[in-house]
>>> print(open('input_14.cif').read())   # mmCIF, C-alpha atoms and all ligand atoms
data_data
#
loop_
_atom_site.group_PDB
_atom_site.id
_atom_site.type_symbol
_atom_site.label_atom_id
_atom_site.label_comp_id
_atom_site.auth_asym_id
_atom_site.auth_seq_id
_atom_site.Cartn_x
_atom_site.Cartn_y
_atom_site.Cartn_z
ATOM 1 C CA MET O 58 19.463 29.293 -4.569
ATOM 2 C CA THR O 59 16.477 29.887 -2.308
ATOM 3 C CA ASP O 60 15.715 29.612 1.423
ATOM 4 C CA LEU O 61 12.323 28.054 0.744
ATOM 5 C CA PRO O 62 11.869 24.448 1.929
ATOM 6 C CA GLY O 63 12.939 22.048 -0.831
ATOM 7 C CA ILE O 64 10.325 19.398 -1.583
ATOM 8 C CA VAL O 65 10.722 15.962 -3.145
ATOM 9 C CA VAL O 66 7.529 14.410 -4.547
ATOM 10 C CA THR O 67 7.527 10.608 -4.679
ATOM 11 C CA GLY O 68 5.414 8.694 -7.185
ATOM 12 C CA GLY O 69 5.627 11.710 -9.498
ATOM 13 C CA SER O 70 3.748 10.172 -12.423
ATOM 14 C CA GLY O 71 0.767 9.121 -10.272
ATOM 15 C CA ARG O 72 -2.621 10.823 -10.020
ATOM 16 C CA MET O 73 -1.587 12.537 -6.789
ATOM 17 C CA GLY O 74 2.073 12.851 -7.785
ATOM 18 C CA GLN O 75 1.254 15.068 -10.764
ATOM 19 C CA MET O 76 -1.218 17.083 -8.714
ATOM 20 C CA LEU O 77 1.475 17.645 -6.070
ATOM 21 C CA ILE O 78 4.158 18.645 -8.586
ATOM 22 C CA ASN O 79 1.799 21.284 -10.007
ATOM 23 C CA ALA O 80 0.888 22.492 -6.508
ATOM 24 C CA VAL O 81 4.539 22.823 -5.394
ATOM 25 C CA GLN O 82 5.434 24.596 -8.645
ATOM 26 C CA ALA O 83 2.571 27.061 -8.103
ATOM 27 C CA SER O 84 3.495 27.736 -4.460
ATOM 28 C CA ASP O 85 5.652 30.632 -3.303
ATOM 29 C CA ALA O 86 6.234 28.947 0.087
ATOM 30 C CA CYS O 87 8.314 25.968 -1.092
ATOM 31 C CA THR O 88 10.301 24.792 -4.070
ATOM 32 C CA LEU O 89 10.410 21.521 -6.029
ATOM 33 C CA ILE O 90 13.893 19.997 -5.790
ATOM 34 C CA GLY O 91 13.204 16.377 -6.732
ATOM 35 C CA VAL O 92 10.739 13.883 -8.157
ATOM 36 C CA LEU O 93 10.986 10.165 -7.585
ATOM 37 C CA GLU O 94 9.549 7.228 -9.494
ATOM 38 C CA ARG O 95 10.010 3.492 -9.162
ATOM 39 C CA VAL O 96 12.971 1.728 -10.753
ATOM 40 C CA GLY O 97 12.200 0.939 -14.409
ATOM 41 C CA HIS O 98 9.512 3.626 -14.794
ATOM 42 C CA ASP O 99 9.791 5.355 -18.171
ATOM 43 C CA TRP O 100 9.820 8.841 -16.563
ATOM 44 C CA VAL O 101 13.130 8.124 -14.793
ATOM 45 C CA GLY O 102 15.894 10.307 -16.253
ATOM 46 C CA GLN O 103 13.475 12.715 -17.990
ATOM 47 C CA ASP O 104 12.863 16.344 -17.017
ATOM 48 C CA VAL O 105 9.580 16.162 -15.102
ATOM 49 C CA GLY O 106 8.076 19.134 -16.966
ATOM 50 C CA ILE O 107 8.583 17.338 -20.255
ATOM 51 C CA ALA O 108 7.396 13.997 -18.849
ATOM 52 C CA MET O 109 4.166 15.778 -17.837
ATOM 53 C CA GLY O 110 3.715 17.053 -21.378
ATOM 54 C CA GLY O 111 4.923 20.636 -20.862
ATOM 55 C CA ALA O 112 8.155 22.628 -20.878
ATOM 56 C CA ALA O 113 11.331 21.593 -19.045
ATOM 57 C CA ILE O 114 11.560 22.826 -15.431
ATOM 58 C CA GLY O 115 15.094 21.687 -14.619
ATOM 59 C CA VAL O 116 14.126 18.837 -12.277
ATOM 60 C CA SER O 117 14.796 15.350 -13.560
ATOM 61 C CA VAL O 118 12.959 12.268 -12.319
ATOM 62 C CA SER O 119 15.115 9.965 -10.206
ATOM 63 C CA ASP O 120 14.745 6.404 -8.948
ATOM 64 C CA ASP O 121 17.296 6.941 -6.156
ATOM 65 C CA PRO O 122 15.637 8.048 -2.900
ATOM 66 C CA VAL O 123 18.906 8.277 -0.917
ATOM 67 C CA THR O 124 20.392 10.939 -3.201
ATOM 68 C CA SER O 125 17.055 12.735 -3.733
ATOM 69 C CA PHE O 126 16.243 12.973 -0.026
ATOM 70 C CA ALA O 127 19.749 14.115 1.021
ATOM 71 C CA SER O 128 19.100 17.796 0.271
ATOM 72 C CA ALA O 129 15.306 17.816 0.900
ATOM 73 C CA GLN O 130 13.467 19.565 3.724
ATOM 74 C CA ALA O 131 10.278 17.593 3.030
ATOM 75 C CA ILE O 132 9.166 14.479 1.162
ATOM 76 C CA ILE O 133 5.547 14.360 0.002
ATOM 77 C CA ASP O 134 4.620 10.759 -0.488
ATOM 78 C CA PHE O 135 1.431 9.399 -2.016
ATOM 79 C CA THR O 136 2.603 6.024 -3.348
ATOM 80 C CA ALA O 137 2.053 2.497 -1.976
ATOM 81 C CA PRO O 138 2.622 0.937 1.467
ATOM 82 C CA ALA O 139 5.892 -0.912 0.730
ATOM 83 C CA ALA O 140 7.402 2.196 -0.875
ATOM 84 C CA THR O 141 6.262 4.466 1.958
ATOM 85 C CA ILE O 142 7.813 2.259 4.661
ATOM 86 C CA GLY O 143 11.173 2.350 2.869
ATOM 87 C CA PHE O 144 10.946 6.117 2.339
ATOM 88 C CA ALA O 145 10.169 6.711 6.038
ATOM 89 C CA GLU O 146 13.497 5.279 7.133
ATOM 90 C CA LEU O 147 15.407 7.260 4.495
ATOM 91 C CA ALA O 148 13.517 10.502 5.208
ATOM 92 C CA ALA O 149 14.293 10.099 8.910
ATOM 93 C CA GLN O 150 18.003 9.588 8.118
ATOM 94 C CA ALA O 151 17.903 12.804 6.058
ATOM 95 C CA ARG O 152 15.956 14.539 8.894
ATOM 96 C CA ALA O 153 13.376 15.590 6.309
ATOM 97 C CA VAL O 154 9.676 16.029 7.114
ATOM 98 C CA HIS O 155 7.787 13.049 5.660
ATOM 99 C CA VAL O 156 4.202 13.840 4.641
ATOM 100 C CA ILE O 157 2.392 10.564 4.019
ATOM 101 C CA GLY O 158 -0.882 10.318 2.128
ATOM 102 C CA THR O 159 -0.482 6.645 1.214
ATOM 103 C CA THR O 160 -3.378 4.465 2.407
ATOM 104 C CA GLY O 161 -3.758 0.696 2.860
ATOM 105 C CA LEU O 162 -1.073 0.591 5.585
ATOM 106 C CA THR O 163 -1.230 -2.304 8.067
ATOM 107 C CA GLU O 164 -0.798 -1.991 11.840
ATOM 108 C CA GLY O 165 2.738 -3.369 11.359
ATOM 109 C CA ASP O 166 3.472 -0.671 8.770
ATOM 110 C CA ILE O 167 2.263 2.027 11.147
ATOM 111 C CA ALA O 168 4.531 0.680 13.907
ATOM 112 C CA LYS O 169 7.489 1.089 11.515
ATOM 113 C CA LEU O 170 6.421 4.670 10.745
ATOM 114 C CA ASP O 171 6.199 5.406 14.466
ATOM 115 C CA ALA O 172 9.758 4.103 14.865
ATOM 116 C CA ALA O 173 10.970 6.439 12.081
ATOM 117 C CA ALA O 174 9.103 9.331 13.740
ATOM 118 C CA ARG O 175 11.466 9.112 16.718
ATOM 119 C CA HIS O 176 14.043 10.846 14.497
ATOM 120 C CA ALA O 177 11.998 13.055 12.185
ATOM 121 C CA VAL O 178 8.618 14.680 11.705
ATOM 122 C CA ILE O 179 5.993 12.459 10.065
ATOM 123 C CA VAL O 180 2.579 13.848 9.162
ATOM 124 C CA ARG O 181 0.199 11.118 8.034
ATOM 125 C CA ALA O 182 -3.509 11.203 7.209
ATOM 126 C CA GLY O 183 -5.788 9.017 5.119
ATOM 127 C CA ASN O 184 -7.241 12.254 3.833
ATOM 128 C CA MET O 185 -5.486 15.636 3.780
ATOM 129 C CA SER O 186 -8.484 17.806 2.894
ATOM 130 C CA LEU O 187 -9.829 20.351 5.358
ATOM 131 C CA GLY O 188 -13.400 19.202 4.657
ATOM 132 C CA VAL O 189 -12.800 15.568 5.556
ATOM 133 C CA ASN O 190 -10.900 16.432 8.723
ATOM 134 C CA LEU O 191 -13.878 18.551 9.818
ATOM 135 C CA LEU O 192 -16.196 15.672 8.915
ATOM 136 C CA VAL O 193 -14.146 13.408 11.178
ATOM 137 C CA GLN O 194 -14.788 15.790 14.088
ATOM 138 C CA LEU O 195 -18.501 15.977 13.300
ATOM 139 C CA THR O 196 -18.748 12.196 13.060
ATOM 140 C CA LYS O 197 -17.258 11.772 16.528
ATOM 141 C CA LYS O 198 -19.677 14.321 17.992
ATOM 142 C CA VAL O 199 -22.775 12.820 16.356
ATOM 143 C CA ALA O 200 -21.764 9.269 17.338
ATOM 144 C CA ALA O 201 -21.284 10.420 20.941
ATOM 145 C CA ALA O 202 -24.749 11.983 20.978
ATOM 146 C CA LEU O 203 -26.595 8.905 19.653
ATOM 147 C CA ASP O 204 -26.989 5.439 21.126
ATOM 148 C CA GLU O 205 -26.868 2.053 19.422
ATOM 149 C CA ASP O 206 -30.459 2.446 18.202
ATOM 150 C CA PHE O 207 -28.630 4.218 15.366
ATOM 151 C CA ASP O 208 -26.717 1.836 13.093
ATOM 152 C CA ILE O 209 -23.559 3.465 11.736
ATOM 153 C CA GLU O 210 -22.468 2.759 8.171
ATOM 154 C CA ILE O 211 -19.555 4.417 6.344
ATOM 155 C CA ILE O 212 -20.156 4.466 2.597
ATOM 156 C CA GLU O 213 -17.267 5.431 0.320
ATOM 157 C CA ALA O 214 -16.953 5.723 -3.449
ATOM 158 C CA HIS O 215 -13.735 6.003 -5.496
ATOM 159 C CA HIS O 216 -12.409 5.652 -9.043
ATOM 160 C CA HIS O 217 -11.923 2.176 -10.506
ATOM 161 C CA HIS O 218 -8.118 2.251 -10.125
ATOM 162 C CA LYS O 219 -8.203 2.353 -6.325
ATOM 163 C CA ILE O 220 -6.579 -0.758 -4.850
ATOM 164 C CA ASP O 221 -7.452 -0.585 -1.125
ATOM 165 C CA ALA O 222 -10.758 -0.830 0.734
ATOM 166 C CA PRO O 223 -12.125 0.496 2.979
ATOM 167 C CA SER O 224 -10.501 3.776 1.985
ATOM 168 C CA GLY O 225 -8.138 5.510 4.400
ATOM 169 C CA THR O 226 -10.786 8.170 4.889
ATOM 170 C CA ALA O 227 -13.477 5.599 5.663
ATOM 171 C CA LEU O 228 -11.197 4.140 8.335
ATOM 172 C CA MET O 229 -10.624 7.618 9.843
ATOM 173 C CA LEU O 230 -14.399 8.129 9.950
ATOM 174 C CA GLY O 231 -14.984 4.657 11.419
ATOM 175 C CA GLU O 232 -12.350 5.348 14.073
ATOM 176 C CA ALA O 233 -14.010 8.667 14.933
ATOM 177 C CA ALA O 234 -17.442 7.018 15.195
ATOM 178 C CA ALA O 235 -15.998 4.300 17.453
ATOM 179 C CA GLN O 236 -14.280 6.892 19.660
ATOM 180 C CA GLY O 237 -17.529 8.853 19.909
ATOM 181 C CA ARG O 238 -19.283 5.697 21.040
ATOM 182 C CA GLY O 239 -16.486 4.731 23.412
ATOM 183 C CA VAL O 240 -15.737 1.427 21.644
ATOM 184 C CA VAL O 241 -12.737 -0.025 19.817
ATOM 185 C CA LEU O 242 -13.245 -0.021 16.035
ATOM 186 C CA LYS O 243 -11.755 -3.456 15.398
ATOM 187 C CA ASP O 244 -14.246 -5.000 17.885
ATOM 188 C CA VAL O 245 -17.266 -3.638 15.994
ATOM 189 C CA SER O 246 -16.055 -3.246 12.404
ATOM 190 C CA ASP O 247 -18.132 -5.002 9.720
ATOM 191 C CA SER O 248 -16.804 -4.762 6.166
ATOM 192 C CA GLY O 249 -16.963 -6.822 2.976
ATOM 193 C CA ARG O 250 -20.473 -8.231 3.432
ATOM 194 C CA ASP O 251 -21.314 -10.950 0.894
ATOM 195 C CA GLY O 252 -23.698 -13.921 0.918
ATOM 196 C CA ILE O 253 -25.883 -14.978 3.870
ATOM 197 C CA THR O 254 -24.296 -12.634 6.367
ATOM 198 C CA GLY O 255 -27.037 -12.760 9.003
ATOM 199 C CA ALA O 256 -28.768 -9.672 10.333
ATOM 200 C CA ARG O 257 -26.755 -6.631 11.329
ATOM 201 C CA THR O 258 -25.230 -6.873 14.817
ATOM 202 C CA ARG O 259 -26.349 -4.048 17.096
ATOM 203 C CA GLY O 260 -23.490 -1.621 17.663
ATOM 204 C CA ASP O 261 -21.494 -2.648 14.595
ATOM 205 C CA ILE O 262 -19.899 0.023 12.436
ATOM 206 C CA GLY O 263 -20.281 -1.072 8.820
ATOM 207 C CA PHE O 264 -18.247 -0.197 5.724
ATOM 208 C CA THR O 265 -19.471 -0.190 2.133
ATOM 209 C CA ALA O 266 -17.063 0.448 -0.762
ATOM 210 C CA ILE O 267 -18.126 1.522 -4.257
ATOM 211 C CA ARG O 268 -15.540 1.562 -7.094
ATOM 212 C CA GLY O 269 -16.275 3.114 -10.473
ATOM 213 C CA GLY O 270 -15.161 5.461 -13.231
ATOM 214 C CA ASP O 271 -13.290 8.584 -12.245
ATOM 215 C CA ILE O 272 -14.893 9.300 -8.840
ATOM 216 C CA VAL O 273 -12.313 11.361 -6.933
ATOM 217 C CA GLY O 274 -13.549 10.460 -3.426
ATOM 218 C CA GLU O 275 -16.956 10.533 -1.734
ATOM 219 C CA HIS O 276 -17.747 9.631 1.854
ATOM 220 C CA ASP O 277 -21.060 9.350 3.703
ATOM 221 C CA VAL O 278 -21.490 8.570 7.377
ATOM 222 C CA LEU O 279 -24.985 7.193 7.800
ATOM 223 C CA PHE O 280 -26.697 7.004 11.193
ATOM 224 C CA ALA O 281 -29.837 4.917 10.598
ATOM 225 C CA ALA O 282 -32.527 4.280 13.227
ATOM 226 C CA ALA O 283 -36.175 3.257 13.142
ATOM 227 C CA GLY O 284 -38.063 6.147 11.558
ATOM 228 C CA GLU O 285 -35.153 8.502 10.862
ATOM 229 C CA ARG O 286 -31.694 8.773 9.339
ATOM 230 C CA ILE O 287 -28.851 11.300 9.556
ATOM 231 C CA LYS O 288 -26.255 11.468 6.799
ATOM 232 C CA LEU O 289 -22.977 13.415 6.931
ATOM 233 C CA THR O 290 -21.371 13.754 3.502
ATOM 234 C CA HIS O 291 -18.100 14.914 1.967
ATOM 235 C CA ILE O 292 -17.510 14.977 -1.781
ATOM 236 C CA ALA O 293 -14.086 15.699 -3.251
ATOM 237 C CA THR O 294 -14.367 16.811 -6.872
ATOM 238 C CA ASP O 295 -10.734 17.852 -7.331
ATOM 239 C CA ARG O 296 -7.552 16.159 -6.015
ATOM 240 C CA ALA O 297 -6.136 19.655 -5.474
ATOM 241 C CA VAL O 298 -7.793 19.605 -2.023
ATOM 242 C CA PHE O 299 -5.491 16.749 -0.960
ATOM 243 C CA ALA O 300 -2.413 18.409 -2.489
ATOM 244 C CA ARG O 301 -3.181 21.690 -0.717
ATOM 245 C CA GLY O 302 -3.339 19.899 2.636
ATOM 246 C CA ALA O 303 -0.101 18.011 1.939
ATOM 247 C CA LEU O 304 1.796 21.219 1.110
ATOM 248 C CA LYS O 305 0.469 22.859 4.244
ATOM 249 C CA ALA O 306 1.719 19.853 6.248
ATOM 250 C CA ALA O 307 5.171 19.968 4.624
ATOM 251 C CA ILE O 308 5.603 23.630 5.556
ATOM 252 C CA TRP O 309 4.056 23.288 9.033
ATOM 253 C CA GLY O 310 6.366 20.326 9.724
ATOM 254 C CA GLN O 311 9.485 22.471 9.289
ATOM 255 C CA THR O 312 9.031 23.999 12.752
ATOM 256 C CA GLN O 313 7.971 20.857 14.659
ATOM 257 C CA LYS O 314 9.908 18.417 16.841
ATOM 258 C CA PRO O 315 10.299 14.795 15.654
ATOM 259 C CA GLY O 316 7.112 12.791 16.147
ATOM 260 C CA SER O 317 3.966 11.407 14.504
ATOM 261 C CA TYR O 318 1.396 14.040 13.585
ATOM 262 C CA THR O 319 -1.928 14.161 11.755
ATOM 263 C CA MET O 320 -3.788 16.808 9.771
ATOM 264 C CA PHE O 321 -5.622 17.654 13.004
ATOM 265 C CA ASP O 322 -2.297 18.997 14.294
ATOM 266 C CA VAL O 323 -1.541 20.831 11.049
ATOM 267 C CA LEU O 324 -4.993 22.410 10.801
ATOM 268 C CA GLY O 325 -5.200 23.221 14.514
ATOM 269 C CA LEU O 326 -8.365 21.152 14.972
ATOM 270 C CA SER O 327 -9.023 19.774 18.446
ATOM 271 C CA GLU O 328 -9.429 16.037 19.114
ATOM 272 C CA ASP O 329 -12.619 16.694 21.166
HETATM 273 N N1 LIG S 401 -4.321 11.032 2.105
HETATM 274 C C1 LIG S 401 -4.940 11.609 1.069
HETATM 275 O O1 LIG S 401 -5.449 12.752 1.165
HETATM 276 C C2 LIG S 401 -4.986 10.881 -0.223
HETATM 277 C C3 LIG S 401 -4.398 9.655 -0.327
HETATM 278 N N2 LIG S 401 -4.318 9.013 -1.520
HETATM 279 C C4 LIG S 401 -3.548 7.769 -1.534
HETATM 280 O O2 LIG S 401 -2.317 8.017 -2.206
HETATM 281 C C5 LIG S 401 -1.866 6.815 -2.807
HETATM 282 C C6 LIG S 401 -1.570 7.050 -4.282
HETATM 283 O O3 LIG S 401 -2.770 7.349 -4.964
HETATM 284 P P1 LIG S 401 -2.772 7.678 -6.532
HETATM 285 O O4 LIG S 401 -1.909 8.851 -6.812
HETATM 286 O O5 LIG S 401 -4.173 7.689 -6.948
HETATM 287 O O6 LIG S 401 -2.070 6.343 -7.101
HETATM 288 P P2 LIG S 401 -1.244 6.144 -8.442
HETATM 289 O O7 LIG S 401 -1.201 4.672 -8.661
HETATM 290 O O8 LIG S 401 -1.778 7.026 -9.520
HETATM 291 O O9 LIG S 401 0.214 6.685 -8.066
HETATM 292 C C7 LIG S 401 1.134 6.005 -7.258
HETATM 293 C C8 LIG S 401 2.504 6.289 -7.822
HETATM 294 O O10 LIG S 401 3.497 5.796 -6.927
HETATM 295 C C9 LIG S 401 4.545 5.251 -7.706
HETATM 296 N N3 LIG S 401 5.353 4.327 -6.911
HETATM 297 C C10 LIG S 401 5.016 3.109 -6.421
HETATM 298 N N4 LIG S 401 6.063 2.561 -5.792
HETATM 299 C C11 LIG S 401 7.074 3.456 -5.863
HETATM 300 C C12 LIG S 401 8.435 3.446 -5.405
HETATM 301 N N5 LIG S 401 8.963 2.423 -4.752
HETATM 302 N N6 LIG S 401 9.192 4.552 -5.677
HETATM 303 C C13 LIG S 401 8.675 5.618 -6.323
HETATM 304 N N7 LIG S 401 7.407 5.657 -6.802
HETATM 305 C C14 LIG S 401 6.636 4.591 -6.564
HETATM 306 C C15 LIG S 401 3.819 4.564 -8.868
HETATM 307 O O11 LIG S 401 4.690 4.284 -9.961
HETATM 308 C C16 LIG S 401 2.762 5.606 -9.188
HETATM 309 O O12 LIG S 401 3.234 6.571 -10.112
HETATM 310 C C17 LIG S 401 -2.946 5.767 -2.540
HETATM 311 O O13 LIG S 401 -2.606 5.030 -1.397
HETATM 312 C C18 LIG S 401 -4.184 6.632 -2.257
HETATM 313 O O14 LIG S 401 -5.147 5.982 -1.486
HETATM 314 C C19 LIG S 401 -4.848 9.539 -2.651
HETATM 315 C C20 LIG S 401 -5.487 10.749 -2.617
HETATM 316 C C21 LIG S 401 -5.606 11.511 -1.399
HETATM 317 O O1 LIG S 402 -7.157 6.616 -3.637
HETATM 318 C C1 LIG S 402 -7.710 7.730 -3.691
HETATM 319 O O2 LIG S 402 -7.982 8.293 -4.762
HETATM 320 C C2 LIG S 402 -8.031 8.392 -2.424
HETATM 321 N N1 LIG S 402 -7.579 7.871 -1.326
HETATM 322 C C3 LIG S 402 -7.747 8.363 -0.023
HETATM 323 C C4 LIG S 402 -8.506 7.341 0.805
HETATM 324 O O3 LIG S 402 -8.163 6.138 0.731
HETATM 325 O O4 LIG S 402 -9.403 7.721 1.561
HETATM 326 C C5 LIG S 402 -8.302 9.752 0.038
HETATM 327 C C6 LIG S 402 -9.244 10.130 -1.063
HETATM 328 O O5 LIG S 402 -10.521 9.689 -0.765
HETATM 329 C C7 LIG S 402 -8.788 9.670 -2.438
#
>>> encode(input="input_14.cif", output="structure tokens")
Amino acid sequence: MTDLPGIVVTGGSGRMGQMLINAVQASDACTLIGVLERVGHDWVGQDVGIAMGGAAIGVSVSDDPVTSFASAQAIIDFTAPAATIGFAELAAQARAVHVIGTTGLTEGDIAKLDAAARHAVIVRAGNMSLGVNLLVQLTKKVAAALDEDFDIEIIEAHHHHKIDAPSGTALMLGEAAAQGRGVVLKDVSDSGRDGITGARTRGDIGFTAIRGGDIVGEHDVLFAAAGERIKLTHIATDRAVFARGALKAAIWGQTQKPGSYTMFDVLGLSED
């Protein structure tokens, strides 16, 4: 037995799931008490250490979130929108901190998460790395300093398995640029250009998505005017940066009141 917060990792066989399992196992601030996979996944019932190709660690993979969450202090969840919405309700019932990295959530999904956050702590961010959260701040500041002579374009690149676009990070950056400019992102957002699109509309915030190979995650915020360009860039080369942020959030969340939080709260970064 230990007093350390017990963590359940959902989507344990995924790219982030495996990264998170390794990060929790390596941490002396929390302990891995459960791993979840979807019903029918061939990891279910196996010891997760063995499923990952190593030695047994005494934690078997479950497909039952109700039982897994019952004794958890935190759920770290990088899965898919439908799964995350279901987990939010169950995590709230278990009064466990729910750390959500899942992207591609709709406005309706986010409303459901906000409802669950009335009963438990939810920390959600499209990107949990320190570097990106700093880039979000910088983007807001630069956008506030420049006028619409500067076209803003968010360019993101990810591995070929990624299923959502623009990325969650790109949307955070677009939101920050819109806030800096004092506009509402959905009024000026321009994504998925194809065909005879017409010239760029002044003031639009554009999104360009590249998908290829094993790119972990790269984001540029381009401010382009006549005669000059500014580019703010973040490059993730190792998913460990996201896992590190998620663990920090799970531990930070233990001492917070129920509510919806972001990595800005966890990292102590100001919104200004
Ligand atoms: N916020 C952040 O810092 C980051 C967010 N992400 C996001 O995390 C999510 C997952 O990314 P990856 O790990 O690359 O995807 P992945 O496809 O490798 O892993 C997702 C895992 O979730 C599992 N899963 C799906 N439904 C489930 C259910 N109902 N119950 C249990 N497990 C379920 C799948 O079987 C799979 O193992 C994506 O939305 C991605 O955009 C990824 C990296 C960083
Ligand atoms: O799917 C990924 O891989 C990533 N998703 C997040 C996003 O949508 O921004 C974060 C990171 O870029 C990796």
>>> residues_near_ligand(input="input_14.cif", ligand="ligand LIG 401 (chain S)", cutoff="6 Å", atoms="only C-alpha atoms and all ligand atoms", output="PyMOL selection string")
chain O and resi 67-74+93-95+135-137+140+158-160+182-185+299
>>> resolve_selection(input="input_14.cif", expression="the PyMOL selection byres (((not hetatm)) within 10 of (chain S and resi 402))", output="count of residues only")
45
>>> residues_around(input="input_14.cif", residues="Arg238 (chain O)", least_positions_apart="3", cutoff="8 Å", atoms="all atoms listed in the file", output="JSON list (two decimals) with C-alpha atoms, in the coordinates of the input")
[["chain", "number", "residue", "atom", "x", "y", "z"],
["O", 197, "LYS", "CA", -17.26, 11.77, 16.53],
["O", 200, "ALA", "CA", -21.76, 9.27, 17.34],
["O", 201, "ALA", "CA", -21.28, 10.42, 20.94],
["O", 204, "ASP", "CA", -26.99, 5.44, 21.13],
["O", 234, "ALA", "CA", -17.44, 7.02, 15.20],
["O", 235, "ALA", "CA", -16.00, 4.30, 17.45]]
>>> atom_distance(input="input_14.cif", atom1="CA of Val92 (chain O)", atom2="CA of Val118 (chain O)")
5.0 Å
>>> resolve_selection(input="input_14.cif", expression="the PyMOL selection byres (((chain O and resi 152) around 9) and not hetatm)", output="list in words")
Ala127, Ala129, Gln130, Ala131, Leu147, Ala148, Ala149, Gln150, Ala151, Ala153, Val154, His155, His176, Ala177, Val178 and Pro315 of chain O
>>> atom_distance(input="input_14.cif", atom1="CA of Ser125 (chain O)", atom2="CA of Val65 (chain O)")
7.1 Å
>>> resolve_selection(input="input_14.cif", expression="the PyMOL selection byres (((chain O and resi 286) around 12) and not hetatm)", output="mmCIF file with C-alpha atoms, in the frame of the given file")
data_model
loop_
_atom_site.group_PDB
_atom_site.id
_atom_site.type_symbol
_atom_site.label_atom_id
_atom_site.label_comp_id
_atom_site.auth_asym_id
_atom_site.auth_seq_id
_atom_site.Cartn_x
_atom_site.Cartn_y
_atom_site.Cartn_z
ATOM 1 C CA LEU O 203 -26.595 8.905 19.653
ATOM 2 C CA ASP O 206 -30.459 2.446 18.202
ATOM 3 C CA PHE O 207 -28.630 4.218 15.366
ATOM 4 C CA ASP O 208 -26.717 1.836 13.093
ATOM 5 C CA ILE O 209 -23.559 3.465 11.736
ATOM 6 C CA GLU O 210 -22.468 2.759 8.171
ATOM 7 C CA VAL O 278 -21.490 8.570 7.377
ATOM 8 C CA LEU O 279 -24.985 7.193 7.800
ATOM 9 C CA PHE O 280 -26.697 7.004 11.193
ATOM 10 C CA ALA O 281 -29.837 4.917 10.598
ATOM 11 C CA ALA O 282 -32.527 4.280 13.227
ATOM 12 C CA ALA O 283 -36.175 3.257 13.142
ATOM 13 C CA GLY O 284 -38.063 6.147 11.558
ATOM 14 C CA GLU O 285 -35.153 8.502 10.862
ATOM 15 C CA ILE O 287 -28.851 11.300 9.556
ATOM 16 C CA LYS O 288 -26.255 11.468 6.799
ATOM 17 C CA LEU O 289 -22.977 13.415 6.931
#
>>> closest_residue(input="input_14.cif", among="O:Ile267, O:Ile179, O:Leu242, O:Ala256", to="Met320 (chain O)", atoms="only C-alpha atoms")
O:Ile179
>>> closest_residue(input="input_14.cif", among="O:Gly102, O:Gly260, O:Gly165, O:Gly237", to="Leu195 (chain O)", atoms="all atoms listed in the file")
O:Gly237
>>> closest_residue(input="input_14.cif", among="O:Gly231, O:Gly269, O:Gly115, O:Gly310", to="Ile132 (chain O)", atoms="all atoms listed in the file")
O:Gly310
>>> atom_distance(input="input_14.cif", atom1="CA of Thr124 (chain O)", atom2="CA of Ile157 (chain O)")
19.4 Å
>>> residues_around(input="input_14.cif", residues="Gly263 (chain O)", least_positions_apart="5", cutoff="6 Å", atoms="all atoms listed in the file", output="number ranges by chain")
O: 210, 246-248
>>> closest_residue(input="input_14.cif", among="O:Ala112, O:Ile253, O:Val156, O:Ile211", to="Val323 (chain O)", atoms="only C-alpha atoms")
O:Val156
>>> closest_residue(input="input_14.cif", among="O:Asp171, O:Asp104, O:Asp166, O:Asp134", to="Gly316 (chain O)", atoms="all atoms listed in the file")
O:Asp171
>>> decode(input="input_14.cif", residues="region 221-241 of chain O", atoms="C-alpha atoms", output="PDB file, in the first residue's frame")
ATOM      1  CA  ASP O 221      -8.347  15.206 -36.442  1.00  0.00           C
ATOM      2  CA  ALA O 222      -7.511  18.542 -38.060  1.00  0.00           C
ATOM      3  CA  PRO O 223      -6.764  21.266 -37.229  1.00  0.00           C
ATOM      4  CA  SER O 224      -4.860  19.810 -34.290  1.00  0.00           C
ATOM      5  CA  GLY O 225      -5.925  20.671 -30.749  1.00  0.00           C
ATOM      6  CA  THR O 226      -2.768  22.735 -30.431  1.00  0.00           C
ATOM      7  CA  ALA O 227      -3.486  24.647 -33.638  1.00  0.00           C
ATOM      8  CA  LEU O 228      -6.920  25.515 -32.254  1.00  0.00           C
ATOM      9  CA  MET O 229      -5.364  26.734 -28.969  1.00  0.00           C
ATOM     10  CA  LEU O 230      -2.981  28.925 -30.979  1.00  0.00           C
ATOM     11  CA  GLY O 231      -5.794  30.196 -33.223  1.00  0.00           C
ATOM     12  CA  GLU O 232      -7.861  31.025 -30.142  1.00  0.00           C
ATOM     13  CA  ALA O 233      -4.926  32.911 -28.613  1.00  0.00           C
ATOM     14  CA  ALA O 234      -4.355  34.873 -31.837  1.00  0.00           C
ATOM     15  CA  ALA O 235      -8.067  35.754 -31.995  1.00  0.00           C
ATOM     16  CA  GLN O 236      -8.072  36.860 -28.347  1.00  0.00           C
ATOM     17  CA  GLY O 237      -4.991  38.998 -28.976  1.00  0.00           C
ATOM     18  CA  ARG O 238      -6.793  40.649 -31.864  1.00  0.00           C
ATOM     19  CA  GLY O 239     -10.026  41.024 -29.917  1.00  0.00           C
ATOM     20  CA  VAL O 240     -12.067  38.879 -32.333  1.00  0.00           C
ATOM     21  CA  VAL O 241     -13.974  35.602 -32.066  1.00  0.00           C
TER      22      VAL O 241
END
